[in-house]
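Asks: Below you'll find upload_0.txt; it's compact mmCIF, N, CA and C atoms.
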# COMPACT_ATOMS: atom_id res chain seq x y z
N MET N 1 0.84 -1.18 0.00
CA MET N 1 0.00 0.00 0.00
C MET N 1 0.89 1.25 0.00
N ALA N 2 0.57 2.20 -0.82
CA ALA N 2 1.35 3.42 -0.92
C ALA N 2 1.20 4.26 0.35
N GLU N 3 2.32 4.84 0.75
CA GLU N 3 2.31 5.71 1.93
C GLU N 3 1.63 7.02 1.56
N PRO N 4 0.81 7.57 2.45
CA PRO N 4 0.13 8.82 2.13
C PRO N 4 1.12 9.96 1.91
N VAL N 5 0.79 10.82 0.97
CA VAL N 5 1.62 11.98 0.66
C VAL N 5 1.50 12.97 1.81
N LYS N 6 2.64 13.49 2.23
CA LYS N 6 2.66 14.46 3.32
C LYS N 6 3.30 15.75 2.85
N GLY N 7 3.17 16.79 3.66
CA GLY N 7 3.81 18.06 3.37
C GLY N 7 3.10 18.80 2.24
N PRO N 8 3.84 19.73 1.61
CA PRO N 8 3.22 20.56 0.56
C PRO N 8 2.59 19.77 -0.57
N ALA N 9 3.18 18.65 -0.93
CA ALA N 9 2.65 17.86 -2.05
C ALA N 9 1.26 17.31 -1.77
N SER N 10 0.87 17.25 -0.50
CA SER N 10 -0.48 16.76 -0.19
C SER N 10 -1.57 17.68 -0.73
N TYR N 11 -1.21 18.92 -1.03
CA TYR N 11 -2.16 19.89 -1.59
C TYR N 11 -2.32 19.74 -3.10
N PHE N 12 -1.40 19.05 -3.75
CA PHE N 12 -1.35 19.06 -5.21
C PHE N 12 -2.63 18.60 -5.90
N PRO N 13 -3.26 17.50 -5.48
CA PRO N 13 -4.50 17.11 -6.17
C PRO N 13 -5.58 18.20 -6.12
N SER N 14 -5.74 18.85 -4.98
CA SER N 14 -6.78 19.88 -4.89
C SER N 14 -6.39 21.13 -5.67
N ILE N 15 -5.09 21.42 -5.76
CA ILE N 15 -4.64 22.57 -6.55
C ILE N 15 -4.96 22.33 -8.02
N GLU N 16 -4.63 21.14 -8.52
CA GLU N 16 -4.90 20.84 -9.93
C GLU N 16 -6.40 20.87 -10.22
N GLU N 17 -7.18 20.34 -9.31
CA GLU N 17 -8.63 20.31 -9.51
C GLU N 17 -9.23 21.72 -9.48
N LYS N 18 -8.82 22.51 -8.50
CA LYS N 18 -9.43 23.83 -8.33
C LYS N 18 -9.02 24.82 -9.40
N TYR N 19 -7.74 24.80 -9.81
CA TYR N 19 -7.24 25.83 -10.72
C TYR N 19 -7.03 25.34 -12.15
N GLY N 20 -7.20 24.04 -12.38
CA GLY N 20 -7.19 23.51 -13.74
C GLY N 20 -5.86 23.47 -14.45
N ARG N 21 -4.77 23.54 -13.68
CA ARG N 21 -3.44 23.46 -14.28
C ARG N 21 -2.64 22.38 -13.56
N PRO N 22 -1.79 21.67 -14.31
CA PRO N 22 -0.95 20.68 -13.64
C PRO N 22 0.11 21.36 -12.78
N ILE N 23 0.60 20.65 -11.79
CA ILE N 23 1.61 21.19 -10.88
C ILE N 23 2.86 21.62 -11.64
N SER N 24 3.23 20.87 -12.66
CA SER N 24 4.42 21.23 -13.44
C SER N 24 4.29 22.61 -14.07
N GLU N 25 3.08 22.97 -14.47
CA GLU N 25 2.86 24.30 -15.06
C GLU N 25 3.02 25.40 -14.00
N TRP N 26 2.50 25.15 -12.80
CA TRP N 26 2.68 26.12 -11.71
C TRP N 26 4.16 26.27 -11.37
N GLN N 27 4.88 25.16 -11.36
CA GLN N 27 6.30 25.22 -11.04
C GLN N 27 7.07 25.98 -12.11
N THR N 28 6.70 25.82 -13.36
CA THR N 28 7.34 26.56 -14.43
C THR N 28 7.10 28.06 -14.25
N LEU N 29 5.87 28.44 -13.89
CA LEU N 29 5.57 29.85 -13.63
C LEU N 29 6.42 30.39 -12.48
N ILE N 30 6.52 29.63 -11.41
CA ILE N 30 7.30 30.06 -10.25
C ILE N 30 8.76 30.23 -10.64
N ARG N 31 9.29 29.27 -11.35
CA ARG N 31 10.71 29.31 -11.74
C ARG N 31 11.02 30.41 -12.75
N SER N 32 10.04 30.80 -13.54
CA SER N 32 10.27 31.83 -14.54
C SER N 32 10.05 33.24 -13.99
N SER N 33 9.53 33.34 -12.78
CA SER N 33 9.31 34.64 -12.17
C SER N 33 10.64 35.28 -11.80
N GLU N 34 10.68 36.59 -11.85
CA GLU N 34 11.87 37.32 -11.42
C GLU N 34 11.98 37.35 -9.90
N LEU N 35 10.89 37.01 -9.22
CA LEU N 35 10.89 36.98 -7.76
C LEU N 35 11.63 35.74 -7.27
N THR N 36 12.28 35.86 -6.11
CA THR N 36 13.05 34.73 -5.59
C THR N 36 12.71 34.39 -4.15
N LYS N 37 12.12 35.30 -3.42
CA LYS N 37 11.82 35.06 -2.01
C LYS N 37 10.47 34.37 -1.85
N HIS N 38 10.43 33.47 -0.88
CA HIS N 38 9.25 32.65 -0.66
C HIS N 38 7.96 33.47 -0.59
N MET N 39 7.90 34.42 0.33
CA MET N 39 6.65 35.17 0.52
C MET N 39 6.33 36.09 -0.65
N GLU N 40 7.34 36.57 -1.35
CA GLU N 40 7.09 37.35 -2.56
C GLU N 40 6.39 36.49 -3.61
N LEU N 41 6.87 35.27 -3.77
CA LEU N 41 6.26 34.36 -4.73
C LEU N 41 4.85 33.96 -4.31
N VAL N 42 4.64 33.73 -3.02
CA VAL N 42 3.30 33.40 -2.52
C VAL N 42 2.35 34.55 -2.82
N SER N 43 2.75 35.77 -2.49
CA SER N 43 1.91 36.95 -2.73
C SER N 43 1.60 37.11 -4.21
N TRP N 44 2.59 36.86 -5.05
CA TRP N 44 2.42 36.99 -6.49
C TRP N 44 1.41 35.96 -7.02
N LEU N 45 1.53 34.72 -6.57
CA LEU N 45 0.56 33.70 -6.99
C LEU N 45 -0.86 34.06 -6.55
N LYS N 46 -0.98 34.61 -5.36
CA LYS N 46 -2.29 35.00 -4.85
C LYS N 46 -2.86 36.18 -5.65
N SER N 47 -2.06 37.21 -5.87
CA SER N 47 -2.59 38.42 -6.52
C SER N 47 -2.73 38.29 -8.03
N GLU N 48 -1.79 37.60 -8.67
CA GLU N 48 -1.81 37.52 -10.13
C GLU N 48 -2.54 36.30 -10.68
N HIS N 49 -2.63 35.25 -9.87
CA HIS N 49 -3.21 34.00 -10.37
C HIS N 49 -4.38 33.49 -9.55
N GLY N 50 -4.75 34.23 -8.50
CA GLY N 50 -5.94 33.92 -7.74
C GLY N 50 -5.86 32.71 -6.83
N LEU N 51 -4.67 32.26 -6.51
CA LEU N 51 -4.54 31.11 -5.61
C LEU N 51 -4.80 31.52 -4.17
N GLY N 52 -5.29 30.59 -3.38
CA GLY N 52 -5.42 30.79 -1.96
C GLY N 52 -4.05 30.71 -1.31
N HIS N 53 -3.94 31.22 -0.09
CA HIS N 53 -2.65 31.27 0.58
C HIS N 53 -2.03 29.88 0.77
N GLY N 54 -2.80 28.93 1.25
CA GLY N 54 -2.28 27.59 1.49
C GLY N 54 -1.78 26.91 0.23
N HIS N 55 -2.51 27.06 -0.85
CA HIS N 55 -2.11 26.47 -2.12
C HIS N 55 -0.86 27.13 -2.67
N ALA N 56 -0.82 28.46 -2.63
CA ALA N 56 0.36 29.18 -3.11
C ALA N 56 1.58 28.81 -2.27
N ASN N 57 1.41 28.77 -0.97
CA ASN N 57 2.51 28.45 -0.07
C ASN N 57 3.04 27.04 -0.33
N ALA N 58 2.15 26.09 -0.54
CA ALA N 58 2.56 24.71 -0.82
C ALA N 58 3.36 24.62 -2.11
N LEU N 59 2.88 25.28 -3.16
CA LEU N 59 3.58 25.26 -4.45
C LEU N 59 4.97 25.86 -4.33
N VAL N 60 5.06 27.02 -3.69
CA VAL N 60 6.35 27.69 -3.56
C VAL N 60 7.30 26.87 -2.70
N ALA N 61 6.84 26.39 -1.57
CA ALA N 61 7.69 25.61 -0.68
C ALA N 61 8.25 24.37 -1.39
N HIS N 62 7.39 23.66 -2.08
CA HIS N 62 7.82 22.45 -2.77
C HIS N 62 8.79 22.77 -3.89
N THR N 63 8.50 23.79 -4.68
CA THR N 63 9.34 24.15 -5.81
C THR N 63 10.72 24.63 -5.35
N LEU N 64 10.75 25.50 -4.35
CA LEU N 64 12.04 26.00 -3.85
C LEU N 64 12.86 24.86 -3.23
N LYS N 65 12.20 23.94 -2.56
CA LYS N 65 12.90 22.81 -1.95
C LYS N 65 13.50 21.92 -3.05
N GLU N 66 12.74 21.66 -4.09
CA GLU N 66 13.24 20.88 -5.23
C GLU N 66 14.46 21.55 -5.85
N ASP N 67 14.37 22.86 -6.05
CA ASP N 67 15.46 23.60 -6.69
C ASP N 67 16.71 23.59 -5.82
N ALA N 68 16.54 23.70 -4.52
CA ALA N 68 17.67 23.70 -3.60
C ALA N 68 18.36 22.33 -3.57
N ALA N 69 17.57 21.28 -3.75
CA ALA N 69 18.11 19.93 -3.73
C ALA N 69 18.88 19.59 -5.01
N GLY N 70 18.63 20.40 -6.05
CA GLY N 70 19.31 20.19 -7.31
C GLY N 70 18.61 19.23 -8.15
Let me see whether you can do it: turn the structure in this file into structure tokens.
Replies:
Amino acid sequence: MAEPVKGPASYFPSIEEKYGRPISEWQTLIRSSELTKHMELVSWLKSEHGLGHGHANALVAHTLKEDAAG
């Protein structure tokens, strides 16, 4: 049996369902932004793309963690 997804990725199914874009597309948007700080990116996703705070925060946290890991 698969272990349940934890952390920011646990939001991904609801993000895709609610906003109609795959996670990879959100990550591409985040990575292409000139912004680099976590909360700047969260605010940008909320104001420019209409995401809720929890969803924006999960996307940014996961993406920045992936990028830092290489």
Asks: Can you tell me how far atom C of His53 (chain N) sits from CA of Met39 (chain N), in Å to one decimal?
Replies: 10.2 Å
Asks: With a distance cut-off of 8 Å and only N, CA and C atoms, select the neighbouring residues of Lys46 (chain N), excluding the residue or stretch itself and same-chain residues fewer than 6 positions from it, and output the selection as a PyMOL selection string.
Replies: chain N and resi 40+52-53+55-57
Asks: Taking the chain letters and numbering used in this document, name the residues of chain N that DSSP puts in alpha helix (DSSP H), as a CSV table (one decimal) with N, CA and C atoms, in the frame of the given file.
Replies:
chain,number,residue,atom,x,y,z
N,12,PHE,N,-1.4,19.0,-3.8
N,12,PHE,CA,-1.4,19.1,-5.2
N,12,PHE,C,-2.6,18.6,-5.9
N,13,PRO,N,-3.3,17.5,-5.5
N,13,PRO,CA,-4.5,17.1,-6.2
N,13,PRO,C,-5.6,18.2,-6.1
N,14,SER,N,-5.7,18.8,-5.0
N,14,SER,CA,-6.8,19.9,-4.9
N,14,SER,C,-6.4,21.1,-5.7
N,15,ILE,N,-5.1,21.4,-5.8
N,15,ILE,CA,-4.6,22.6,-6.6
N,15,ILE,C,-5.0,22.3,-8.0
N,16,GLU,N,-4.6,21.1,-8.5
N,16,GLU,CA,-4.9,20.8,-9.9
N,16,GLU,C,-6.4,20.9,-10.2
N,17,GLU,N,-7.2,20.3,-9.3
N,17,GLU,CA,-8.6,20.3,-9.5
N,17,GLU,C,-9.2,21.7,-9.5
N,18,LYS,N,-8.8,22.5,-8.5
N,18,LYS,CA,-9.4,23.8,-8.3
N,18,LYS,C,-9.0,24.8,-9.4
N,19,TYR,N,-7.7,24.8,-9.8
N,19,TYR,CA,-7.2,25.8,-10.7
N,19,TYR,C,-7.0,25.3,-12.2
N,23,ILE,N,0.6,20.6,-11.8
N,23,ILE,CA,1.6,21.2,-10.9
N,23,ILE,C,2.9,21.6,-11.6
N,24,SER,N,3.2,20.9,-12.7
N,24,SER,CA,4.4,21.2,-13.4
N,24,SER,C,4.3,22.6,-14.1
N,25,GLU,N,3.1,23.0,-14.5
N,25,GLU,CA,2.9,24.3,-15.1
N,25,GLU,C,3.0,25.4,-14.0
N,26,TRP,N,2.5,25.2,-12.8
N,26,TRP,CA,2.7,26.1,-11.7
N,26,TRP,C,4.2,26.3,-11.4
N,27,GLN,N,4.9,25.2,-11.4
N,27,GLN,CA,6.3,25.2,-11.0
N,27,GLN,C,7.1,26.0,-12.1
N,28,THR,N,6.7,25.8,-13.4
N,28,THR,CA,7.3,26.6,-14.4
N,28,THR,C,7.1,28.1,-14.2
N,29,LEU,N,5.9,28.4,-13.9
N,29,LEU,CA,5.6,29.8,-13.6
N,29,LEU,C,6.4,30.4,-12.5
N,30,ILE,N,6.5,29.6,-11.4
N,30,ILE,CA,7.3,30.1,-10.2
N,30,ILE,C,8.8,30.2,-10.6
N,31,ARG,N,9.3,29.3,-11.4
N,31,ARG,CA,10.7,29.3,-11.7
N,31,ARG,C,11.0,30.4,-12.8
N,32,SER,N,10.0,30.8,-13.5
N,32,SER,CA,10.3,31.8,-14.5
N,32,SER,C,10.0,33.2,-14.0
N,38,HIS,N,10.4,33.5,-0.9
N,38,HIS,CA,9.2,32.6,-0.7
N,38,HIS,C,8.0,33.5,-0.6
N,39,MET,N,7.9,34.4,0.3
N,39,MET,CA,6.6,35.2,0.5
N,39,MET,C,6.3,36.1,-0.6
N,40,GLU,N,7.3,36.6,-1.4
N,40,GLU,CA,7.1,37.4,-2.6
N,40,GLU,C,6.4,36.5,-3.6
N,41,LEU,N,6.9,35.3,-3.8
N,41,LEU,CA,6.3,34.4,-4.7
N,41,LEU,C,4.8,34.0,-4.3
N,42,VAL,N,4.6,33.7,-3.0
N,42,VAL,CA,3.3,33.4,-2.5
N,42,VAL,C,2.4,34.6,-2.8
N,43,SER,N,2.8,35.8,-2.5
N,43,SER,CA,1.9,37.0,-2.7
N,43,SER,C,1.6,37.1,-4.2
N,44,TRP,N,2.6,36.9,-5.0
N,44,TRP,CA,2.4,37.0,-6.5
N,44,TRP,C,1.4,36.0,-7.0
N,45,LEU,N,1.5,34.7,-6.6
N,45,LEU,CA,0.6,33.7,-7.0
N,45,LEU,C,-0.9,34.1,-6.6
N,46,LYS,N,-1.0,34.6,-5.4
N,46,LYS,CA,-2.3,35.0,-4.8
N,46,LYS,C,-2.9,36.2,-5.6
N,47,SER,N,-2.1,37.2,-5.9
N,47,SER,CA,-2.6,38.4,-6.5
N,47,SER,C,-2.7,38.3,-8.0
N,48,GLU,N,-1.8,37.6,-8.7
N,48,GLU,CA,-1.8,37.5,-10.1
N,48,GLU,C,-2.5,36.3,-10.7
N,49,HIS,N,-2.6,35.2,-9.9
N,49,HIS,CA,-3.2,34.0,-10.4
N,49,HIS,C,-4.4,33.5,-9.6
N,53,HIS,N,-3.9,31.2,-0.1
N,53,HIS,CA,-2.6,31.3,0.6
N,53,HIS,C,-2.0,29.9,0.8
N,54,GLY,N,-2.8,28.9,1.2
N,54,GLY,CA,-2.3,27.6,1.5
N,54,GLY,C,-1.8,26.9,0.2
N,55,HIS,N,-2.5,27.1,-0.8
N,55,HIS,CA,-2.1,26.5,-2.1
N,55,HIS,C,-0.9,27.1,-2.7
N,56,ALA,N,-0.8,28.5,-2.6
N,56,ALA,CA,0.4,29.2,-3.1
N,56,ALA,C,1.6,28.8,-2.3
N,57,ASN,N,1.4,28.8,-1.0
N,57,ASN,CA,2.5,28.4,-0.1
N,57,ASN,C,3.0,27.0,-0.3
N,58,ALA,N,2.2,26.1,-0.5
N,58,ALA,CA,2.6,24.7,-0.8
N,58,ALA,C,3.4,24.6,-2.1
N,59,LEU,N,2.9,25.3,-3.2
N,59,LEU,CA,3.6,25.3,-4.4
N,59,LEU,C,5.0,25.9,-4.3
N,60,VAL,N,5.1,27.0,-3.7
N,60,VAL,CA,6.4,27.7,-3.6
N,60,VAL,C,7.3,26.9,-2.7
N,61,ALA,N,6.8,26.4,-1.6
N,61,ALA,CA,7.7,25.6,-0.7
N,61,ALA,C,8.2,24.4,-1.4
N,62,HIS,N,7.4,23.7,-2.1
N,62,HIS,CA,7.8,22.4,-2.8
N,62,HIS,C,8.8,22.8,-3.9
N,63,THR,N,8.5,23.8,-4.7
N,63,THR,CA,9.3,24.2,-5.8
N,63,THR,C,10.7,24.6,-5.4
N,64,LEU,N,10.8,25.5,-4.4
N,64,LEU,CA,12.0,26.0,-3.8
N,64,LEU,C,12.9,24.9,-3.2
N,65,LYS,N,12.2,23.9,-2.6
N,65,LYS,CA,12.9,22.8,-2.0
N,65,LYS,C,13.5,21.9,-3.0
N,66,GLU,N,12.7,21.7,-4.1
N,66,GLU,CA,13.2,20.9,-5.2
N,66,GLU,C,14.5,21.6,-5.8
N,67,ASP,N,14.4,22.9,-6.0
N,67,ASP,CA,15.5,23.6,-6.7
N,67,ASP,C,16.7,23.6,-5.8
N,68,ALA,N,16.5,23.7,-4.5
N,68,ALA,CA,17.7,23.7,-3.6
N,68,ALA,C,18.4,22.3,-3.6
N,69,ALA,N,17.6,21.3,-3.8
N,69,ALA,CA,18.1,19.9,-3.7
N,69,ALA,C,18.9,19.6,-5.0
Asks: For a test of reading the model, state the distance in Å between CA of Gly54 (chain N) and CA of Ala2 (chain N), rounded to one decimal.
Replies: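 Separation of CA of Gly54 (chain N) and CA of Ala2 (chain N): 24.6 Å.
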Asks: Please indicate the distance in Å from CA of Ala68 (chain N) to CA of Tyr19 (chain N), rounded to one decimal place.
Replies: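 Between these atoms lies a distance of 26.0 Å.
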Asks: Mind checking which residues fall within 12 Å of Ile23 (chain N), counting only C-alpha atoms, ignoring those fewer than 2 positions away in the same chain, and posting them as a compact mmCIF listing (two decimals) with N, CA and C atoms, keeping the file's coordinate frame?
Replies:
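Here's the written file out_2.txt:
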# COMPACT_ATOMS: atom_id res chain seq x y z
N PRO N 8 3.84 19.73 1.61
CA PRO N 8 3.22 20.56 0.56
C PRO N 8 2.59 19.77 -0.57
N ALA N 9 3.18 18.65 -0.93
CA ALA N 9 2.65 17.86 -2.05
C ALA N 9 1.26 17.31 -1.77
N SER N 10 0.87 17.25 -0.50
CA SER N 10 -0.48 16.76 -0.19
C SER N 10 -1.57 17.68 -0.73
N TYR N 11 -1.21 18.92 -1.03
CA TYR N 11 -2.16 19.89 -1.59
C TYR N 11 -2.32 19.74 -3.10
N PHE N 12 -1.40 19.05 -3.75
CA PHE N 12 -1.35 19.06 -5.21
C PHE N 12 -2.63 18.60 -5.90
N PRO N 13 -3.26 17.50 -5.48
CA PRO N 13 -4.50 17.11 -6.17
C PRO N 13 -5.58 18.20 -6.12
N SER N 14 -5.74 18.85 -4.98
CA SER N 14 -6.78 19.88 -4.89
C SER N 14 -6.39 21.13 -5.67
N ILE N 15 -5.09 21.42 -5.76
CA ILE N 15 -4.64 22.57 -6.55
C ILE N 15 -4.96 22.33 -8.02
N GLU N 16 -4.63 21.14 -8.52
CA GLU N 16 -4.90 20.84 -9.93
C GLU N 16 -6.40 20.87 -10.22
N GLU N 17 -7.18 20.34 -9.31
CA GLU N 17 -8.63 20.31 -9.51
C GLU N 17 -9.23 21.72 -9.48
N LYS N 18 -8.82 22.51 -8.50
CA LYS N 18 -9.43 23.83 -8.33
C LYS N 18 -9.02 24.82 -9.40
N TYR N 19 -7.74 24.80 -9.81
CA TYR N 19 -7.24 25.83 -10.72
C TYR N 19 -7.03 25.34 -12.15
N GLY N 20 -7.20 24.04 -12.38
CA GLY N 20 -7.19 23.51 -13.74
C GLY N 20 -5.86 23.47 -14.45
N ARG N 21 -4.77 23.54 -13.68
CA ARG N 21 -3.44 23.46 -14.28
C ARG N 21 -2.64 22.38 -13.56
N GLU N 25 3.08 22.97 -14.47
CA GLU N 25 2.86 24.30 -15.06
C GLU N 25 3.02 25.40 -14.00
N TRP N 26 2.50 25.15 -12.80
CA TRP N 26 2.68 26.12 -11.71
C TRP N 26 4.16 26.27 -11.37
N GLN N 27 4.88 25.16 -11.36
CA GLN N 27 6.30 25.22 -11.04
C GLN N 27 7.07 25.98 -12.11
N THR N 28 6.70 25.82 -13.36
CA THR N 28 7.34 26.56 -14.43
C THR N 28 7.10 28.06 -14.25
N LEU N 29 5.87 28.44 -13.89
CA LEU N 29 5.57 29.85 -13.63
C LEU N 29 6.42 30.39 -12.48
N ILE N 30 6.52 29.63 -11.41
CA ILE N 30 7.30 30.06 -10.25
C ILE N 30 8.76 30.23 -10.64
N HIS N 55 -2.51 27.06 -0.85
CA HIS N 55 -2.11 26.47 -2.12
C HIS N 55 -0.86 27.13 -2.67
N ALA N 56 -0.82 28.46 -2.63
CA ALA N 56 0.36 29.18 -3.11
C ALA N 56 1.58 28.81 -2.27
N ALA N 58 2.15 26.09 -0.54
CA ALA N 58 2.56 24.71 -0.82
C ALA N 58 3.36 24.62 -2.11
N LEU N 59 2.88 25.28 -3.16
CA LEU N 59 3.58 25.26 -4.45
C LEU N 59 4.97 25.86 -4.33
N VAL N 60 5.06 27.02 -3.69
CA VAL N 60 6.35 27.69 -3.56
C VAL N 60 7.30 26.87 -2.70
N HIS N 62 7.39 23.66 -2.08
CA HIS N 62 7.82 22.45 -2.77
C HIS N 62 8.79 22.77 -3.89
N THR N 63 8.50 23.79 -4.68
CA THR N 63 9.34 24.15 -5.81
C THR N 63 10.72 24.63 -5.35
Asks: Output as JSON the centre and edge lengths (Å, one decimal) of the box along x, y and z of the file that holds every listed atom of region 44-52 of chain N after adding 4 Å on each side.
Replies:
{"center_x": -1.7, "center_y": 34.5, "center_z": -6.0, "size_x": 16.5, "size_y": 15.8, "size_z": 17.4}
